[in-house]
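Peer 1: So that we are looking at the same thing, I have put the structure below in structure tokens.
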Amino acid sequence: MKKSVLVAAAFSALLALVSCNKKVESGEFTIEKGVLKVGMEIGYPPMEYYDVDGKTPVGFDIELGKAVAEKLGLKVEFIDTAWDGIFAGLETSKYDCVMSAATITPERLESMEFSVPYVGNGQAIVVRAEGDFKPSTLEELTGKTVAYQAETTSDIFMTKLGEKGLQFSPAEFDKVINAYDELKLGRCDALVCDALVYANYKGDPAYVSTWTGSADEFFGVAIRKGNTDLLDKVNAALKEMIADGTMKELYVKVFGVDLSDTIK
């Protein structure tokens, strides 16, 4: 019985995928005409998170998505998705693109398209402001419990450090917010996250960043492989936003500083 249900569900999903792809192939560059469906994990401040009402999505990628859709003459729809399945959702046409602090990597470029970068990012070490542990180097994480979000570039960063010989105890979380809570409660010694994420916590007296790496990764808009029409339109919109000062305005609005130099 379960097998039959799974087969039927798989067949239905295949039909849906074929239908969506036909729309793109027939000249419509979005799944739904007139709408840009954006997949994102709305729990990654300041890039995307829910406002105090718990319903309204806010953050840099939200502002960016609205601006890009406006440039394309489309309405925008944000689809909250768990990070560990976000690219699978893109591949199966649940949304047109992923705009969720997605790092452009050679591995990802094999299975999806990526826009030009819209911001650069490095990693940061964050600790409790009132604690005694204030590491100024990565080596000082030796023997410490380090929190970070699983399946992110922070995860990759710490994994590579471990492979190079750094001995630490990993504490992985589904959401970066939970890692910050763990640090505040004293259940870990430090956390590693995107420097852009820490920008959201600079005003919180509970935390302080003691080390920040240079911008060595770049965020872009991920688009389903083969949808070069949408890719070209998104690239044109982003380049126009960089040229006309719109991107600078978004940087200052969300991060409080102009980050234009991170993508030059």
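A note on labels: chains of the structure tokens are A, B, ... as shown, every chain counts residues from 1, and ligands are counted from 1 in their shown order.
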Hey, what does DSSP flag as alpha helix (DSSP H) within stretch 12-185 of chain A? Can you give it to me as a ChimeraX atom specification?

Peer 2: /A:12-25,60-72,86-91,106-109,153-163,176-184

Peer 1: Can I get the residues of stretch 31-57 of chain A within 12 Å of stretch 224-234 of chain A, each with the closest pair of atoms and their distance in Å to one decimal, using only C-alpha atoms, sorted chain first then ascending number, as JSON lines?

Peer 2:
```
{"residue": "A:Ile31", "atom": "CA", "partner": "A:Leu230", "partner_atom": "CA", "distance": 10.6}
{"residue": "A:Val35", "atom": "CA", "partner": "A:Leu230", "partner_atom": "CA", "distance": 12.0}
{"residue": "A:Leu36", "atom": "CA", "partner": "A:Leu230", "partner_atom": "CA", "distance": 9.8}
{"residue": "A:Lys37", "atom": "CA", "partner": "A:Leu230", "partner_atom": "CA", "distance": 11.7}
{"residue": "A:Val38", "atom": "CA", "partner": "A:Arg224", "partner_atom": "CA", "distance": 11.7}
{"residue": "A:Gly39", "atom": "CA", "partner": "A:Arg224", "partner_atom": "CA", "distance": 11.6}
```

Peer 1: I want to know what sits within 12 Å of A:Asp258, based on only C-alpha atoms, with residues of the same chain fewer than 2 positions away left out; could you give that as a list in words?

Peer 2: Val119, Gly120, Ile242, Gly245, Thr246, Met247, Lys248, Glu249, Leu250, Tyr251, Val252, Lys253, Val254, Phe255, Gly256, Ser260, Asp261, Thr262 and Ile263 of chain A

Peer 1: Any chance you could export the current selection's all heavy atoms as a CSV table (one decimal), in the first residue's frame?

Peer 2:
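Saved file result33.csv follows:
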```
chain,number,residue,atom,x,y,z
A,119,VAL,N,26.7,40.2,-3.1
A,119,VAL,CA,27.4,40.7,-1.9
A,119,VAL,C,28.5,39.6,-1.6
A,119,VAL,O,28.3,38.5,-1.9
A,119,VAL,CB,26.4,40.8,-0.7
A,119,VAL,CG1,25.9,39.5,-0.2
A,119,VAL,CG2,27.1,41.6,0.4
A,120,GLY,N,29.6,40.1,-1.0
A,120,GLY,CA,30.6,39.2,-0.6
A,120,GLY,C,30.6,39.0,0.9
A,120,GLY,O,30.0,39.8,1.7
A,242,ILE,N,23.2,47.8,-9.2
A,242,ILE,CA,24.6,48.2,-8.7
A,242,ILE,C,24.9,49.5,-9.4
A,242,ILE,O,25.5,50.4,-8.7
A,242,ILE,CB,25.6,47.1,-9.1
A,242,ILE,CG1,25.3,45.8,-8.3
A,242,ILE,CG2,27.0,47.6,-8.9
A,242,ILE,CD1,26.1,44.6,-8.8
A,245,GLY,N,22.8,52.7,-7.9
A,245,GLY,CA,22.9,53.0,-6.5
A,245,GLY,C,21.8,52.3,-5.7
A,245,GLY,O,21.9,52.4,-4.4
A,246,THR,N,20.9,51.5,-6.3
A,246,THR,CA,19.9,50.8,-5.5
A,246,THR,C,20.5,49.8,-4.6
A,246,THR,O,20.1,49.7,-3.4
A,246,THR,CB,18.9,50.1,-6.4
A,246,THR,OG1,18.3,51.1,-7.3
A,246,THR,CG2,17.8,49.4,-5.6
A,247,MET,N,21.5,49.1,-5.0
A,247,MET,CA,22.2,48.1,-4.2
A,247,MET,C,22.8,48.7,-3.0
A,247,MET,O,22.7,48.2,-1.8
A,247,MET,CB,23.2,47.3,-5.0
A,247,MET,CG,23.6,46.0,-4.3
A,247,MET,SD,22.4,44.7,-4.3
A,247,MET,CE,22.4,44.1,-6.0
A,248,LYS,N,23.5,49.8,-3.2
A,248,LYS,CA,24.1,50.6,-2.1
A,248,LYS,C,23.1,51.0,-1.0
A,248,LYS,O,23.3,50.8,0.2
A,248,LYS,CB,24.9,51.8,-2.6
A,248,LYS,CG,25.5,52.6,-1.5
A,248,LYS,CD,26.2,53.9,-2.1
A,248,LYS,CE,26.8,54.7,-1.0
A,248,LYS,NZ,27.5,55.9,-1.5
A,249,GLU,N,22.0,51.4,-1.5
A,249,GLU,CA,20.9,51.8,-0.6
A,249,GLU,C,20.4,50.6,0.3
A,249,GLU,O,20.2,50.8,1.5
A,249,GLU,CB,19.7,52.4,-1.4
A,249,GLU,CG,20.0,53.7,-2.0
A,249,GLU,CD,18.8,54.2,-2.8
A,249,GLU,OE1,17.7,53.6,-2.8
A,249,GLU,OE2,19.0,55.3,-3.5
A,250,LEU,N,20.3,49.4,-0.4
A,250,LEU,CA,19.9,48.2,0.4
A,250,LEU,C,21.0,47.8,1.4
A,250,LEU,O,20.6,47.4,2.5
A,250,LEU,CB,19.7,47.1,-0.6
A,250,LEU,CG,18.5,47.3,-1.6
A,250,LEU,CD1,18.3,46.0,-2.4
A,250,LEU,CD2,17.2,47.6,-0.9
A,251,TYR,N,22.2,47.9,1.0
A,251,TYR,CA,23.3,47.6,2.0
A,251,TYR,C,23.2,48.5,3.2
A,251,TYR,O,23.2,48.0,4.3
A,251,TYR,CB,24.7,47.9,1.3
A,251,TYR,CG,25.1,46.9,0.2
A,251,TYR,CD1,25.9,47.4,-0.8
A,251,TYR,CD2,24.8,45.6,0.2
A,251,TYR,CE1,26.3,46.6,-1.8
A,251,TYR,CE2,25.2,44.7,-0.8
A,251,TYR,CZ,26.0,45.2,-1.8
A,251,TYR,OH,26.4,44.4,-2.8
A,252,VAL,N,23.1,49.8,3.0
A,252,VAL,CA,23.1,50.7,4.1
A,252,VAL,C,21.8,50.5,5.0
A,252,VAL,O,21.8,50.6,6.2
A,252,VAL,CB,23.2,52.1,3.6
A,252,VAL,CG1,23.0,53.1,4.8
A,252,VAL,CG2,24.5,52.4,2.9
A,253,LYS,N,20.7,50.3,4.3
A,253,LYS,CA,19.4,50.1,5.0
A,253,LYS,C,19.5,48.9,5.9
A,253,LYS,O,19.0,48.9,7.1
A,253,LYS,CB,18.3,49.9,4.0
A,253,LYS,CG,16.9,49.6,4.6
A,253,LYS,CD,15.8,49.5,3.6
A,253,LYS,CE,14.5,49.2,4.2
A,253,LYS,NZ,13.4,49.1,3.2
A,254,VAL,N,20.0,47.8,5.5
A,254,VAL,CA,20.0,46.5,6.3
A,254,VAL,C,21.2,46.4,7.1
A,254,VAL,O,21.1,46.0,8.3
A,254,VAL,CB,19.9,45.3,5.3
A,254,VAL,CG1,19.9,44.0,6.1
A,254,VAL,CG2,18.6,45.4,4.5
A,255,PHE,N,22.4,46.6,6.6
A,255,PHE,CA,23.7,46.4,7.3
A,255,PHE,C,24.2,47.6,8.0
A,255,PHE,O,25.1,47.5,8.8
A,255,PHE,CB,24.7,45.8,6.4
A,255,PHE,CG,24.3,44.5,5.7
A,255,PHE,CD1,24.1,44.5,4.3
A,255,PHE,CD2,24.1,43.4,6.5
A,255,PHE,CE1,23.7,43.3,3.7
A,255,PHE,CE2,23.7,42.2,5.8
A,255,PHE,CZ,23.5,42.1,4.5
A,256,GLY,N,23.7,48.8,7.6
A,256,GLY,CA,24.3,50.0,8.2
A,256,GLY,C,25.6,50.5,7.6
A,256,GLY,O,26.2,51.4,8.1
A,260,SER,N,29.6,47.7,-1.1
A,260,SER,CA,29.8,47.6,-2.6
A,260,SER,C,31.2,47.0,-2.9
A,260,SER,O,31.4,46.3,-3.9
A,260,SER,CB,29.6,49.0,-3.2
A,260,SER,OG,28.3,49.5,-3.0
A,261,ASP,N,32.2,47.3,-2.0
A,261,ASP,CA,33.5,46.9,-2.3
A,261,ASP,C,33.7,45.4,-2.2
A,261,ASP,O,34.7,44.8,-2.8
A,261,ASP,CB,34.5,47.5,-1.3
A,261,ASP,CG,34.7,49.0,-1.6
A,261,ASP,OD1,34.4,49.4,-2.7
A,261,ASP,OD2,35.2,49.7,-0.7
A,262,THR,N,32.7,44.7,-1.6
A,262,THR,CA,32.9,43.2,-1.4
A,262,THR,C,32.6,42.5,-2.7
A,262,THR,O,33.0,41.3,-2.8
A,262,THR,CB,31.9,42.7,-0.4
A,262,THR,OG1,30.5,42.8,-0.8
A,262,THR,CG2,32.1,43.4,1.0
A,263,ILE,N,32.1,43.1,-3.7
A,263,ILE,CA,31.8,42.5,-5.0
A,263,ILE,C,32.6,43.1,-6.2
A,263,ILE,O,32.3,42.8,-7.3
A,263,ILE,CB,30.3,42.4,-5.3
A,263,ILE,CG1,29.7,43.8,-5.3
A,263,ILE,CG2,29.6,41.5,-4.4
A,263,ILE,CD1,28.2,43.8,-5.8
```

Peer 1: I want to know what sits within 7 Å of A:Ala147, based on only C-alpha atoms, with residues of the same chain fewer than 3 positions away left out; could you give that as a PyMOL selection string?

Peer 2: chain A and resi 170-172+179+188+190-192

Peer 1: If you keep C-alpha atoms, can you produce a file of those selected residues as a PDB file, in the first residue's frame?

Peer 2:
```pdb
ATOM      1  CA  PRO A 170      31.171  20.599  16.699  1.00  0.00           C
ATOM      2  CA  ALA A 171      27.652  21.666  17.701  1.00  0.00           C
ATOM      3  CA  GLU A 172      25.478  21.749  14.575  1.00  0.00           C
ATOM      4  CA  ALA A 179      23.283  28.510  17.566  1.00  0.00           C
ATOM      5  CA  CYS A 188      29.126  26.227  23.689  1.00  0.00           C
ATOM      6  CA  ALA A 190      31.970  30.024  20.438  1.00  0.00           C
ATOM      7  CA  LEU A 191      30.049  30.021  17.198  1.00  0.00           C
ATOM      8  CA  VAL A 192      31.162  30.486  13.630  1.00  0.00           C
TER       9      VAL A 192
END
```

Peer 1: Suppose you want the space between atom CA of A:Glu113 and atom CA of A:Val197; what is it in Å?

Peer 2: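 It comes out at 24.4 Å.
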
Peer 1: Which is closest to A:Glu140 among A:Asp244, A:Trp211, A:Ala69, A:Lys94, if we use only C-alpha atoms?

Peer 2: A:Trp211

Peer 1: How many Å separate atom CA of A:Thr103 from atom CA of A:Asp174?

Peer 2: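 Pair atom CA of A:Thr103 / atom CA of A:Asp174 returns 17.3 Å.
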
Peer 1: Can you tell me how far atom CA of A:Glu151 sits from atom CA of A:Val257, in Å to one decimal?

Peer 2: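 Atom CA of A:Val257 lies 27.9 Å from atom CA of A:Glu151.
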
Peer 1: Restrict the calculation to only C-alpha atoms, then for each residue of stretch 135-169 of chain A with any atom at most 12 Å from an atom of stretch 71-86 of chain A give the closest atom pair and their distance in Å to one decimal, rows by chain and rising residue number, as a tab-separated table.

Peer 2:
```
residue	atom	partner	partner_atom	distance
A:Gln149	CA	A:Trp83	CA	9.9
A:Ala150	CA	A:Asp84	CA	8.5
A:Glu151	CA	A:Asp84	CA	6.8
A:Thr152	CA	A:Trp83	CA	8.6
```

Peer 1: Pull the strand (DSSP E) assignments for stretch 54-264 of chain A out of DSSP run on the backbone, and list those residues as number ranges by chain.

Peer 2: A: 57-58, 75-80, 97-98, 112-114, 119-121, 123-128, 145-149, 169-173, 190-194, 207-212, 217-219, 222-224

Peer 1: Output N, CA and C atoms for every residue in that selection, as a short mmCIF file (atom, residue, chain, number, x, y, z; two decimals), in the first residue's frame.

Peer 2:
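Written output follows (again.cif):
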```
data_model
loop_
_atom_site.label_atom_id
_atom_site.label_comp_id
_atom_site.auth_asym_id
_atom_site.auth_seq_id
_atom_site.Cartn_x
_atom_site.Cartn_y
_atom_site.Cartn_z
N PRO A 57 7.97 38.65 6.42
CA PRO A 57 9.39 38.43 6.15
C PRO A 57 10.13 39.74 5.90
N VAL A 58 11.28 39.90 6.51
CA VAL A 58 12.11 41.09 6.34
C VAL A 58 13.56 40.66 6.16
N LYS A 75 5.31 40.38 -9.87
CA LYS A 75 5.00 40.32 -8.45
C LYS A 75 5.99 39.32 -7.84
N VAL A 76 6.18 39.40 -6.52
CA VAL A 76 7.12 38.46 -5.89
C VAL A 76 6.40 37.66 -4.82
N GLU A 77 6.74 36.38 -4.74
CA GLU A 77 6.18 35.49 -3.72
C GLU A 77 7.34 34.77 -3.05
N PHE A 78 7.44 34.93 -1.72
CA PHE A 78 8.51 34.28 -0.97
C PHE A 78 8.01 32.96 -0.38
N ILE A 79 8.77 31.90 -0.59
CA ILE A 79 8.37 30.56 -0.15
C ILE A 79 9.38 30.08 0.88
N ASP A 80 8.94 29.99 2.14
CA ASP A 80 9.81 29.57 3.23
C ASP A 80 10.11 28.08 3.11
N CYS A 97 13.60 30.56 -8.26
CA CYS A 97 14.97 30.83 -7.87
C CYS A 97 15.13 30.70 -6.36
N VAL A 98 16.36 30.64 -5.92
CA VAL A 98 16.68 30.66 -4.50
C VAL A 98 17.45 31.95 -4.23
N MET A 112 23.06 23.88 -11.17
CA MET A 112 22.15 25.02 -11.23
C MET A 112 22.88 26.23 -11.80
N GLU A 113 22.10 27.22 -12.21
CA GLU A 113 22.67 28.48 -12.68
C GLU A 113 22.83 29.42 -11.49
N PHE A 114 23.77 30.37 -11.60
CA PHE A 114 23.92 31.40 -10.57
C PHE A 114 24.07 32.76 -11.23
N VAL A 119 26.66 40.23 -3.11
CA VAL A 119 27.37 40.67 -1.91
C VAL A 119 28.46 39.65 -1.58
N GLY A 120 29.56 40.13 -1.01
CA GLY A 120 30.63 39.25 -0.59
C GLY A 120 30.56 39.00 0.91
N ASN A 121 31.11 37.86 1.35
CA ASN A 121 30.98 37.48 2.75
C ASN A 121 32.18 36.67 3.22
N GLN A 123 33.79 34.57 7.05
CA GLN A 123 33.35 33.92 8.28
C GLN A 123 33.77 34.75 9.49
N ALA A 124 33.07 34.56 10.61
CA ALA A 124 33.37 35.29 11.83
C ALA A 124 33.27 34.37 13.04
N ILE A 125 34.11 34.61 14.04
CA ILE A 125 34.00 33.93 15.33
C ILE A 125 33.24 34.85 16.27
N VAL A 126 32.20 34.32 16.91
CA VAL A 126 31.39 35.09 17.85
C VAL A 126 31.43 34.39 19.21
N VAL A 127 31.60 35.17 20.28
CA VAL A 127 31.63 34.61 21.64
C VAL A 127 30.75 35.47 22.55
N ARG A 128 30.57 35.01 23.78
CA ARG A 128 29.83 35.80 24.77
C ARG A 128 30.65 37.02 25.17
N THR A 145 34.05 23.86 22.18
CA THR A 145 32.81 23.47 21.51
C THR A 145 32.37 24.65 20.65
N VAL A 146 32.26 24.39 19.35
CA VAL A 146 31.96 25.46 18.39
C VAL A 146 30.62 25.18 17.70
N ALA A 147 29.71 26.12 17.78
CA ALA A 147 28.39 25.99 17.17
C ALA A 147 28.37 26.63 15.78
N TYR A 148 27.56 26.06 14.88
CA TYR A 148 27.37 26.64 13.56
C TYR A 148 26.15 25.98 12.92
N GLN A 149 25.66 26.57 11.85
CA GLN A 149 24.50 25.99 11.16
C GLN A 149 24.96 24.90 10.20
N SER A 169 35.06 20.45 19.22
CA SER A 169 33.81 19.69 19.32
C SER A 169 32.72 20.45 18.57
N PRO A 170 32.19 19.90 17.48
CA PRO A 170 31.17 20.60 16.70
C PRO A 170 29.79 20.53 17.35
N ALA A 171 29.05 21.61 17.25
CA ALA A 171 27.65 21.67 17.70
C ALA A 171 26.85 22.24 16.54
N GLU A 172 26.19 21.35 15.78
CA GLU A 172 25.48 21.75 14.57
C GLU A 172 24.00 22.03 14.86
N PHE A 173 23.47 23.05 14.18
CA PHE A 173 22.06 23.43 14.37
C PHE A 173 21.40 23.65 13.01
N ALA A 190 31.95 29.04 21.51
CA ALA A 190 31.97 30.02 20.44
C ALA A 190 31.06 29.55 19.32
N LEU A 191 30.76 30.44 18.41
CA LEU A 191 30.05 30.02 17.20
C LEU A 191 30.73 30.64 16.01
N VAL A 192 30.63 29.98 14.89
CA VAL A 192 31.16 30.49 13.63
C VAL A 192 29.99 30.68 12.68
N CYS A 193 29.93 31.85 12.08
CA CYS A 193 28.82 32.16 11.17
C CYS A 193 29.30 33.16 10.13
N ASP A 194 28.44 33.46 9.17
CA ASP A 194 28.75 34.49 8.19
C ASP A 194 28.92 35.83 8.90
N TYR A 207 26.77 39.50 22.75
CA TYR A 207 27.72 38.88 21.84
C TYR A 207 28.81 39.86 21.39
N VAL A 208 29.94 39.29 21.01
CA VAL A 208 31.01 40.08 20.40
C VAL A 208 31.76 39.19 19.41
N SER A 209 32.14 39.76 18.28
CA SER A 209 32.95 39.03 17.31
C SER A 209 34.41 39.38 17.54
N THR A 210 35.26 38.35 17.65
CA THR A 210 36.67 38.58 17.95
C THR A 210 37.59 38.28 16.77
N TRP A 211 37.02 37.72 15.69
CA TRP A 211 37.81 37.44 14.49
C TRP A 211 36.88 37.44 13.29
N THR A 212 37.30 38.09 12.21
CA THR A 212 36.53 38.09 10.97
C THR A 212 37.46 37.85 9.80
N GLU A 217 33.75 34.41 -0.09
CA GLU A 217 32.62 33.75 -0.73
C GLU A 217 31.64 34.81 -1.17
N PHE A 218 30.84 34.47 -2.17
CA PHE A 218 29.95 35.47 -2.75
C PHE A 218 28.56 34.89 -2.93
N PHE A 219 27.57 35.66 -2.53
CA PHE A 219 26.18 35.23 -2.63
C PHE A 219 25.62 35.60 -4.00
N ALA A 222 20.33 31.69 -7.14
CA ALA A 222 20.38 30.37 -7.78
C ALA A 222 19.12 30.18 -8.63
N ILE A 223 19.31 29.68 -9.85
CA ILE A 223 18.21 29.51 -10.80
C ILE A 223 18.31 28.12 -11.40
N ARG A 224 17.16 27.52 -11.68
CA ARG A 224 17.12 26.17 -12.21
C ARG A 224 17.98 26.04 -13.47
#
```

Peer 1: Which residue is closest to A:Gly89? Choose from A:Glu70, A:Glu163, A:Leu64, A:Met40 and count only C-alpha atoms.

Peer 2: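 Residue with the minimum atom-to-atom distance to A:Gly89: A:Met40.
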